[in-house]
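Enquirer: mmCIF, C-alpha atoms, saved as upload-v6.cif, coming up:
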```cif
data_query
loop_
_atom_site.label_atom_id
_atom_site.label_comp_id
_atom_site.auth_asym_id
_atom_site.auth_seq_id
_atom_site.Cartn_x
_atom_site.Cartn_y
_atom_site.Cartn_z
CA MET Q 1 59.39 -19.48 -135.03
CA SER Q 2 56.91 -21.98 -136.45
CA GLY Q 3 57.25 -25.74 -136.57
CA GLU Q 4 58.31 -28.46 -134.17
CA HIS Q 5 61.83 -29.47 -133.26
CA ASP Q 6 63.46 -32.59 -131.91
CA PRO Q 7 64.48 -32.07 -128.25
CA ALA Q 8 67.10 -34.81 -128.52
CA ALA Q 9 68.75 -33.05 -131.46
CA VAL Q 10 68.72 -29.78 -129.52
CA SER Q 11 70.36 -31.49 -126.53
CA ASP Q 12 73.12 -32.93 -128.75
CA ALA Q 13 73.77 -29.48 -130.23
CA GLU Q 14 73.87 -27.92 -126.75
CA ARG Q 15 76.54 -30.37 -125.59
CA ALA Q 16 78.84 -29.19 -128.38
CA VAL Q 17 78.99 -25.60 -127.07
CA PRO Q 18 80.04 -24.11 -123.70
CA HIS Q 19 77.47 -24.01 -120.91
CA PRO Q 20 75.42 -20.76 -121.04
CA ILE Q 21 76.88 -19.60 -117.72
CA TRP Q 22 80.46 -19.79 -119.07
CA ALA Q 23 79.41 -18.05 -122.28
CA ALA Q 24 77.70 -15.33 -120.21
CA LEU Q 25 80.79 -14.83 -118.04
CA ALA Q 26 83.00 -14.61 -121.13
CA ARG Q 27 80.75 -11.93 -122.63
CA LEU Q 28 80.74 -9.97 -119.37
CA ARG Q 29 84.55 -10.05 -119.31
CA ARG Q 30 84.60 -8.64 -122.84
CA ASP Q 31 81.99 -5.98 -122.04
CA PRO Q 32 82.16 -4.99 -118.35
CA ALA Q 33 79.68 -2.15 -118.97
CA LEU Q 34 77.00 -4.85 -118.69
CA PHE Q 35 77.60 -4.84 -114.91
CA GLY Q 36 76.66 -1.15 -114.62
CA PRO Q 37 72.84 -1.20 -114.60
CA PHE Q 38 72.60 -3.79 -111.85
CA LEU Q 39 75.28 -2.06 -109.78
CA LEU Q 40 72.87 0.88 -109.68
CA VAL Q 41 70.03 -1.50 -108.79
CA GLY Q 42 72.08 -2.81 -105.88
CA ILE Q 43 72.38 0.75 -104.58
CA VAL Q 44 68.63 1.33 -105.03
CA LEU Q 45 67.79 -1.93 -103.23
CA SER Q 46 70.15 -1.03 -100.37
CA LEU Q 47 68.53 2.40 -100.08
CA ALA Q 48 65.09 0.75 -100.05
CA ASP Q 49 66.26 -1.57 -97.25
CA TRP Q 50 67.42 1.45 -95.23
CA LEU Q 51 64.13 3.26 -95.77
CA ARG Q 52 62.08 0.21 -94.77
CA ARG Q 53 64.08 -0.18 -91.58
CA HIS Q 54 63.38 3.43 -90.62
CA ASP Q 55 59.73 3.87 -91.60
CA PRO Q 56 56.87 2.67 -89.34
CA LEU Q 57 55.57 -0.04 -91.69
CA PRO Q 58 56.40 -3.74 -91.08
CA ALA Q 59 59.45 -5.00 -93.00
CA PRO Q 60 60.84 -8.38 -91.86
CA GLU Q 61 64.59 -8.85 -92.22
CA ARG Q 62 66.01 -11.56 -94.44
CA ALA Q 63 67.51 -14.42 -92.41
CA GLY Q 64 71.24 -14.72 -93.07
CA VAL Q 65 73.64 -17.65 -92.78
CA GLY Q 66 73.73 -18.79 -89.18
CA THR Q 67 70.70 -16.74 -88.07
CA ASN Q 68 68.50 -19.82 -87.80
CA GLY Q 69 71.09 -22.50 -88.48
CA LEU Q 70 72.14 -23.41 -92.02
CA ASP Q 71 69.05 -22.31 -93.94
CA ILE Q 72 70.03 -22.80 -97.58
CA ARG Q 73 67.69 -21.09 -100.03
CA LEU Q 74 67.41 -21.06 -103.80
CA GLU Q 75 67.24 -17.31 -104.47
CA PHE Q 76 65.98 -17.58 -108.05
CA VAL Q 77 62.88 -15.54 -108.85
CA GLY Q 78 62.59 -15.90 -112.64
CA TYR Q 79 64.07 -12.55 -113.69
CA PRO Q 80 67.46 -10.87 -113.15
CA THR Q 81 67.59 -9.00 -109.83
CA GLY Q 82 69.54 -8.54 -106.62
CA ILE Q 83 68.44 -9.84 -103.24
CA GLY Q 84 67.27 -7.24 -100.73
CA GLN Q 85 67.68 -7.65 -96.97
CA THR Q 86 64.11 -6.61 -96.12
CA MET Q 87 60.71 -7.42 -97.57
CA ARG Q 88 57.44 -5.60 -97.09
CA PRO Q 89 54.44 -7.97 -97.08
CA LEU Q 90 51.79 -6.41 -99.30
CA GLU Q 91 49.12 -7.43 -96.80
CA SER Q 92 50.74 -4.98 -94.37
CA LEU Q 93 49.50 -2.17 -96.63
CA ILE Q 94 45.85 -3.11 -96.12
CA GLY Q 95 43.92 -0.57 -94.07
CA LEU Q 96 46.70 2.03 -93.98
CA GLU Q 97 46.11 5.75 -94.03
CA PRO Q 98 46.41 7.16 -97.59
CA GLY Q 99 49.82 8.72 -96.94
CA TYR Q 100 51.38 5.48 -95.69
CA LEU Q 101 49.70 3.51 -98.49
CA VAL Q 102 51.15 5.80 -101.15
CA TRP Q 103 54.57 5.57 -99.48
CA GLY Q 104 54.52 1.75 -99.29
CA LEU Q 105 53.28 1.26 -102.86
CA GLY Q 106 55.58 3.98 -104.17
CA LEU Q 107 58.68 2.36 -102.69
CA TYR Q 108 57.62 -1.04 -104.07
CA GLY Q 109 57.02 0.49 -107.50
CA LEU Q 110 60.36 2.32 -107.50
CA VAL Q 111 62.32 -0.85 -106.70
CA THR Q 112 60.38 -2.89 -109.26
CA LEU Q 113 60.88 -0.25 -111.95
CA ALA Q 114 64.62 -0.08 -111.23
CA VAL Q 115 64.95 -3.87 -111.56
CA SER Q 116 62.88 -3.89 -114.77
CA ALA Q 117 64.81 -1.02 -116.34
CA ALA Q 118 68.19 -2.57 -115.49
CA GLY Q 119 67.13 -5.93 -116.88
CA THR Q 120 65.89 -4.32 -120.09
CA VAL Q 121 69.03 -2.21 -120.56
CA THR Q 122 71.39 -5.13 -119.87
CA MET Q 123 69.62 -7.63 -122.13
CA ALA Q 124 69.03 -5.09 -124.92
CA HIS Q 125 72.73 -4.12 -124.85
CA ALA Q 126 73.75 -7.80 -124.96
CA MET Q 127 71.39 -8.30 -127.92
CA GLY Q 128 72.72 -5.24 -129.72
CA ARG Q 129 69.28 -3.61 -129.62
CA ASN Q 130 68.06 -0.19 -128.59
CA VAL Q 131 66.22 0.12 -125.29
CA ARG Q 132 62.49 0.62 -125.83
CA LEU Q 133 60.02 1.99 -123.29
CA GLY Q 134 57.54 -0.72 -124.30
CA ALA Q 135 60.07 -3.40 -123.39
CA VAL Q 136 60.60 -1.83 -119.95
CA CYS Q 137 56.83 -1.79 -119.39
CA SER Q 138 56.45 -5.42 -120.52
CA LEU Q 139 59.26 -6.60 -118.25
CA PHE Q 140 57.81 -4.50 -115.41
CA GLY Q 141 54.49 -6.36 -115.78
CA PHE Q 142 56.30 -9.71 -115.79
CA VAL Q 143 58.30 -8.78 -112.68
CA VAL Q 144 55.17 -7.68 -110.79
CA ALA Q 145 53.25 -10.83 -111.76
CA THR Q 146 56.17 -13.08 -110.81
CA ASP Q 147 56.70 -11.26 -107.52
CA LEU Q 148 53.02 -11.65 -106.62
CA PHE Q 149 53.28 -15.36 -107.46
CA HIS Q 150 56.23 -15.73 -105.07
CA ARG Q 151 54.40 -13.83 -102.36
CA LEU Q 152 51.40 -16.12 -102.81
CA LEU Q 153 53.61 -19.20 -102.43
CA GLY Q 154 55.27 -17.67 -99.38
CA SER Q 155 51.90 -17.12 -97.73
CA VAL Q 156 50.99 -20.85 -97.91
CA GLU Q 157 52.10 -22.06 -94.48
CA LEU Q 158 52.00 -25.73 -95.47
CA LEU Q 159 54.76 -25.17 -98.05
CA GLN Q 160 56.99 -23.57 -95.41
CA SER Q 161 56.86 -26.56 -93.04
CA MET Q 162 57.08 -29.59 -95.34
CA GLY Q 163 60.69 -30.52 -94.57
CA LEU Q 164 61.95 -33.19 -96.98
CA TRP Q 165 58.47 -33.40 -98.48
CA GLY Q 166 59.14 -29.93 -99.83
CA ILE Q 167 61.43 -31.43 -102.47
CA LEU Q 168 58.44 -32.13 -104.72
CA PRO Q 169 57.11 -28.53 -104.69
CA LEU Q 170 60.71 -27.34 -105.19
CA ALA Q 171 61.07 -29.61 -108.23
CA ILE Q 172 57.83 -28.24 -109.70
CA TYR Q 173 59.00 -24.69 -108.98
CA CYS Q 174 62.34 -25.30 -110.72
CA TYR Q 175 60.64 -26.96 -113.70
CA LEU Q 176 58.34 -23.95 -114.12
CA PHE Q 177 61.17 -21.43 -114.09
CA VAL Q 178 63.38 -23.57 -116.31
CA ARG Q 179 60.64 -23.52 -118.95
CA LEU Q 180 60.11 -19.77 -118.50
CA PHE Q 181 63.83 -19.00 -118.33
CA VAL Q 182 64.04 -16.94 -121.54
CA ALA Q 183 60.66 -15.19 -121.19
CA PRO Q 184 62.26 -11.94 -119.90
CA GLY Q 185 64.57 -11.85 -122.92
CA LEU Q 186 61.69 -12.35 -125.33
CA LEU Q 187 59.86 -9.44 -123.69
CA VAL Q 188 62.93 -7.24 -124.21
CA ASP Q 189 63.00 -8.52 -127.81
CA GLY Q 190 59.54 -6.99 -128.32
CA ARG Q 191 57.15 -9.90 -127.75
CA SER Q 192 53.90 -9.62 -125.87
CA ILE Q 193 53.71 -11.38 -122.51
CA GLN Q 194 51.61 -14.21 -123.99
CA ALA Q 195 53.98 -14.66 -126.95
CA ALA Q 196 57.00 -14.55 -124.63
CA LEU Q 197 55.58 -17.29 -122.40
CA ARG Q 198 54.75 -19.51 -125.39
CA GLY Q 199 58.11 -18.80 -127.01
CA SER Q 200 59.97 -19.65 -123.82
CA LEU Q 201 58.23 -23.02 -123.58
CA ARG Q 202 59.34 -23.80 -127.15
CA ARG Q 203 62.90 -22.55 -126.83
CA THR Q 204 63.67 -24.39 -123.60
CA ALA Q 205 62.46 -27.78 -124.84
CA GLY Q 206 65.38 -30.22 -124.87
CA ARG Q 207 67.53 -27.90 -122.73
CA GLY Q 208 65.99 -28.71 -119.36
CA TRP Q 209 68.98 -30.16 -117.52
CA ARG Q 210 71.41 -27.46 -118.61
CA LEU Q 211 68.97 -24.74 -117.67
CA PHE Q 212 68.14 -26.50 -114.40
CA GLY Q 213 71.84 -26.40 -113.49
CA LEU Q 214 71.89 -22.71 -114.42
CA VAL Q 215 68.84 -21.95 -112.25
CA VAL Q 216 70.36 -23.78 -109.27
CA ALA Q 217 73.76 -22.09 -109.72
CA ILE Q 218 72.23 -18.61 -109.96
CA GLY Q 219 69.93 -19.25 -107.00
CA LEU Q 220 72.62 -20.64 -104.69
CA VAL Q 221 75.27 -18.03 -105.53
CA ALA Q 222 72.70 -15.24 -105.07
CA TRP Q 223 71.75 -16.71 -101.67
CA LEU Q 224 75.38 -16.98 -100.59
CA LEU Q 225 76.35 -13.46 -101.69
CA ALA Q 226 73.19 -11.94 -100.20
CA SER Q 227 74.15 -13.46 -96.84
CA LEU Q 228 77.44 -11.52 -96.75
CA PRO Q 229 77.99 -7.90 -95.68
CA LEU Q 230 76.91 -5.63 -98.56
CA GLY Q 231 75.11 -8.71 -99.86
CA THR Q 232 72.42 -6.72 -101.65
CA VAL Q 233 74.97 -4.87 -103.79
CA LEU Q 234 77.05 -8.02 -104.32
CA SER Q 235 74.13 -10.21 -105.43
CA SER Q 236 72.81 -7.49 -107.71
CA THR Q 237 76.16 -6.55 -109.28
CA LEU Q 238 77.64 -10.03 -109.67
CA VAL Q 239 74.70 -12.40 -110.18
CA ALA Q 240 71.95 -10.43 -111.94
CA PRO Q 241 74.11 -9.50 -114.98
CA VAL Q 242 75.16 -13.15 -115.40
CA HIS Q 243 71.49 -14.16 -115.30
CA ALA Q 244 70.52 -11.47 -117.84
CA VAL Q 245 73.32 -12.28 -120.30
CA ALA Q 246 72.72 -16.04 -119.91
CA ILE Q 247 69.12 -15.45 -121.04
CA VAL Q 248 70.45 -13.74 -124.18
CA VAL Q 249 72.93 -16.57 -124.80
CA VAL Q 250 70.18 -19.19 -124.62
CA LEU Q 251 68.00 -17.13 -126.96
CA GLU Q 252 70.79 -16.71 -129.50
CA ARG Q 253 71.49 -20.43 -129.50
CA GLY Q 254 67.82 -21.16 -129.99
CA ARG Q 255 67.77 -18.96 -133.06
CA SER Q 256 70.66 -20.93 -134.56
CA HIS Q 257 68.32 -23.90 -134.98
CA PRO Q 258 66.16 -23.60 -138.16
CA PRO Q 259 62.90 -24.70 -136.44
CA PHE Q 260 63.00 -21.58 -134.26
CA ARG Q 261 62.98 -19.14 -137.18
#
```
Can the structure from this file be put into structure tokens for me?
Expert:
Amino acid sequence: MSGEHDPAAVSDAERAVPHPIWAALARLRRDPALFGPFLLVGIVLSLADWLRRHDPLPAPERAGVGTNGLDIRLEFVGYPTGIGQTMRPLESLIGLEPGYLVWGLGLYGLVTLAVSAAGTVTMAHAMGRNVRLGAVCSLFGFVVATDLFHRLLGSVELLQSMGLWGILPLAIYCYLFVRLFVAPGLLVDGRSIQAALRGSLRRTAGRGWRLFGLVVAIGLVAWLLASLPLGTVLSSTLVAPVHAVAIVVVLERGRSHPPFR
């Protein structure tokens, strides 16, 4: 793990092997059980959508294709997950009666725990490791922190109305999540959050363009599937496992380079 490496040499080595997304798909074909955890997450997310639609707390619906014109979104959040059809703004929980507050936070925690557990199980299985409770807790913390970051960005009205000027913030956003692409896998591998973030920065150096293409592909396919009927189950079952296994593929390739040991 110590030492520096040459990003150009890493890029040359990467070109000699299949793109991580093809390697991930090949592994999923060989081991279809890897789809199982996120199929269950899709069901949990769909149930959460149903509950949000029927409880009295605010829960805006996700805009689908054609709802407000062609609104293409990059549905990439930095960790493997499905795309729900509703979202509960956390600010809507402020000032609630204790019973409603417990309900709102409990549903949020249940969904987040399901996503974290499925991600841990899928990546640990792909790594050939046992599932550890500590890894689930670490990934849960990462998911919560990342979700709060996205909610903070979504609350900045200027970013929502920038038009073409929004390309620059989008580029910064993509760069950030390209560099943190393997952080969830390092957490499942037993690293602390700080070590996982530092390790991800090292392991993604020299792989930026390949990982950028992977981020865009995952984000666009997730957006498209989530816009279809049963989109929550489809995006969770078909996209999240590819994302999780692709993280493991990138980690394994990083370890094949001596400077990463």
Enquirer: What is the distance, in Å and to one decimal place, between CA of Ile193 (chain Q) and CA of Val233 (chain Q)?
Expert: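 Calculated distance between CA of Ile193 (chain Q) and CA of Val233 (chain Q) is 29.1 Å.
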Enquirer: Return as a ChimeraX atom specification the set of residues that the PyMOL selection byres ((chain Q and resi 196) around 12) yields on the displayed structure.
Expert: /Q:1,135,138-139,142,179-195,197-204,251
Enquirer: Applied to this file, what does the PyMOL selection byres ((chain Q and resi 82-89) around 8) return in terms of residues, put as a ChimeraX atom specification?
Expert: /Q:38,41-42,45-46,49,52-53,57-62,75,80-81,90-93,151,222-223,226,231-237,239-240
Enquirer: How far is it from CA of Val77 (chain Q) to CA of Leu113 (chain Q), in Å with one decimal?
Expert: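 Those two atoms sit 15.7 Å apart.
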Enquirer: Do a neighbour search on Val216 (chain Q) at 12 Å with only C-alpha atoms, toss out local chain neighbours closer than 2 positions, and write the hits as a list in words.
Expert: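 So the residues in contact are Ile21, Ile72, Arg73, Leu74, Glu75, Phe76, Val77, Gly78, Leu170, Ala171, Tyr173, Cys174, Tyr175, Phe177, Val178, Trp209, Arg210, Leu211, Phe212, Gly213, Leu214, Ile218, Gly219, Leu220, Val221, Ala222, Trp223 and His243 of chain Q.
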Enquirer: Which residue is closest to Thr146 (chain Q)? Choose from Q:Pro169, Q:His54, Q:Leu176, Q:Gly134 and count only C-alpha atoms.
Expert: Q:Leu176
Enquirer: If the PyMOL selection byres ((chain Q and resi 112) around 12) is run on the structure shown, which residues does it catch, given as an MDAnalysis selection string?
Expert: chainID Q and resid 41 44:45 48 79:82 84 105:111 113:119 136:137 139:148
Enquirer: With C-alpha atoms retained, write the just-selected residues as a PDB file, in the frame of the given file.
Expert:
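File written: out.pdb
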```pdb
ATOM      1  CA  VAL Q  41      70.030  -1.500-108.790  1.00  0.00           C
ATOM      2  CA  VAL Q  44      68.630   1.330-105.030  1.00  0.00           C
ATOM      3  CA  LEU Q  45      67.790  -1.930-103.230  1.00  0.00           C
ATOM      4  CA  ALA Q  48      65.090   0.750-100.050  1.00  0.00           C
ATOM      5  CA  TYR Q  79      64.070 -12.550-113.690  1.00  0.00           C
ATOM      6  CA  PRO Q  80      67.460 -10.870-113.150  1.00  0.00           C
ATOM      7  CA  THR Q  81      67.590  -9.000-109.830  1.00  0.00           C
ATOM      8  CA  GLY Q  82      69.540  -8.540-106.620  1.00  0.00           C
ATOM      9  CA  GLY Q  84      67.270  -7.240-100.730  1.00  0.00           C
ATOM     10  CA  LEU Q 105      53.280   1.260-102.860  1.00  0.00           C
ATOM     11  CA  GLY Q 106      55.580   3.980-104.170  1.00  0.00           C
ATOM     12  CA  LEU Q 107      58.680   2.360-102.690  1.00  0.00           C
ATOM     13  CA  TYR Q 108      57.620  -1.040-104.070  1.00  0.00           C
ATOM     14  CA  GLY Q 109      57.020   0.490-107.500  1.00  0.00           C
ATOM     15  CA  LEU Q 110      60.360   2.320-107.500  1.00  0.00           C
ATOM     16  CA  VAL Q 111      62.320  -0.850-106.700  1.00  0.00           C
ATOM     17  CA  LEU Q 113      60.880  -0.250-111.950  1.00  0.00           C
ATOM     18  CA  ALA Q 114      64.620  -0.080-111.230  1.00  0.00           C
ATOM     19  CA  VAL Q 115      64.950  -3.870-111.560  1.00  0.00           C
ATOM     20  CA  SER Q 116      62.880  -3.890-114.770  1.00  0.00           C
ATOM     21  CA  ALA Q 117      64.810  -1.020-116.340  1.00  0.00           C
ATOM     22  CA  ALA Q 118      68.190  -2.570-115.490  1.00  0.00           C
ATOM     23  CA  GLY Q 119      67.130  -5.930-116.880  1.00  0.00           C
ATOM     24  CA  VAL Q 136      60.600  -1.830-119.950  1.00  0.00           C
ATOM     25  CA  CYS Q 137      56.830  -1.790-119.390  1.00  0.00           C
ATOM     26  CA  LEU Q 139      59.260  -6.600-118.250  1.00  0.00           C
ATOM     27  CA  PHE Q 140      57.810  -4.500-115.410  1.00  0.00           C
ATOM     28  CA  GLY Q 141      54.490  -6.360-115.780  1.00  0.00           C
ATOM     29  CA  PHE Q 142      56.300  -9.710-115.790  1.00  0.00           C
ATOM     30  CA  VAL Q 143      58.300  -8.780-112.680  1.00  0.00           C
ATOM     31  CA  VAL Q 144      55.170  -7.680-110.790  1.00  0.00           C
ATOM     32  CA  ALA Q 145      53.250 -10.830-111.760  1.00  0.00           C
ATOM     33  CA  THR Q 146      56.170 -13.080-110.810  1.00  0.00           C
ATOM     34  CA  ASP Q 147      56.700 -11.260-107.520  1.00  0.00           C
ATOM     35  CA  LEU Q 148      53.020 -11.650-106.620  1.00  0.00           C
TER      36      LEU Q 148
END
```
Enquirer: What does the distance from CA of Arg253 (chain Q) to CA of Pro20 (chain Q) come to in Å, to one decimal?
Expert: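 Going from CA of Arg253 (chain Q) over to CA of Pro20 (chain Q) covers 9.3 Å.
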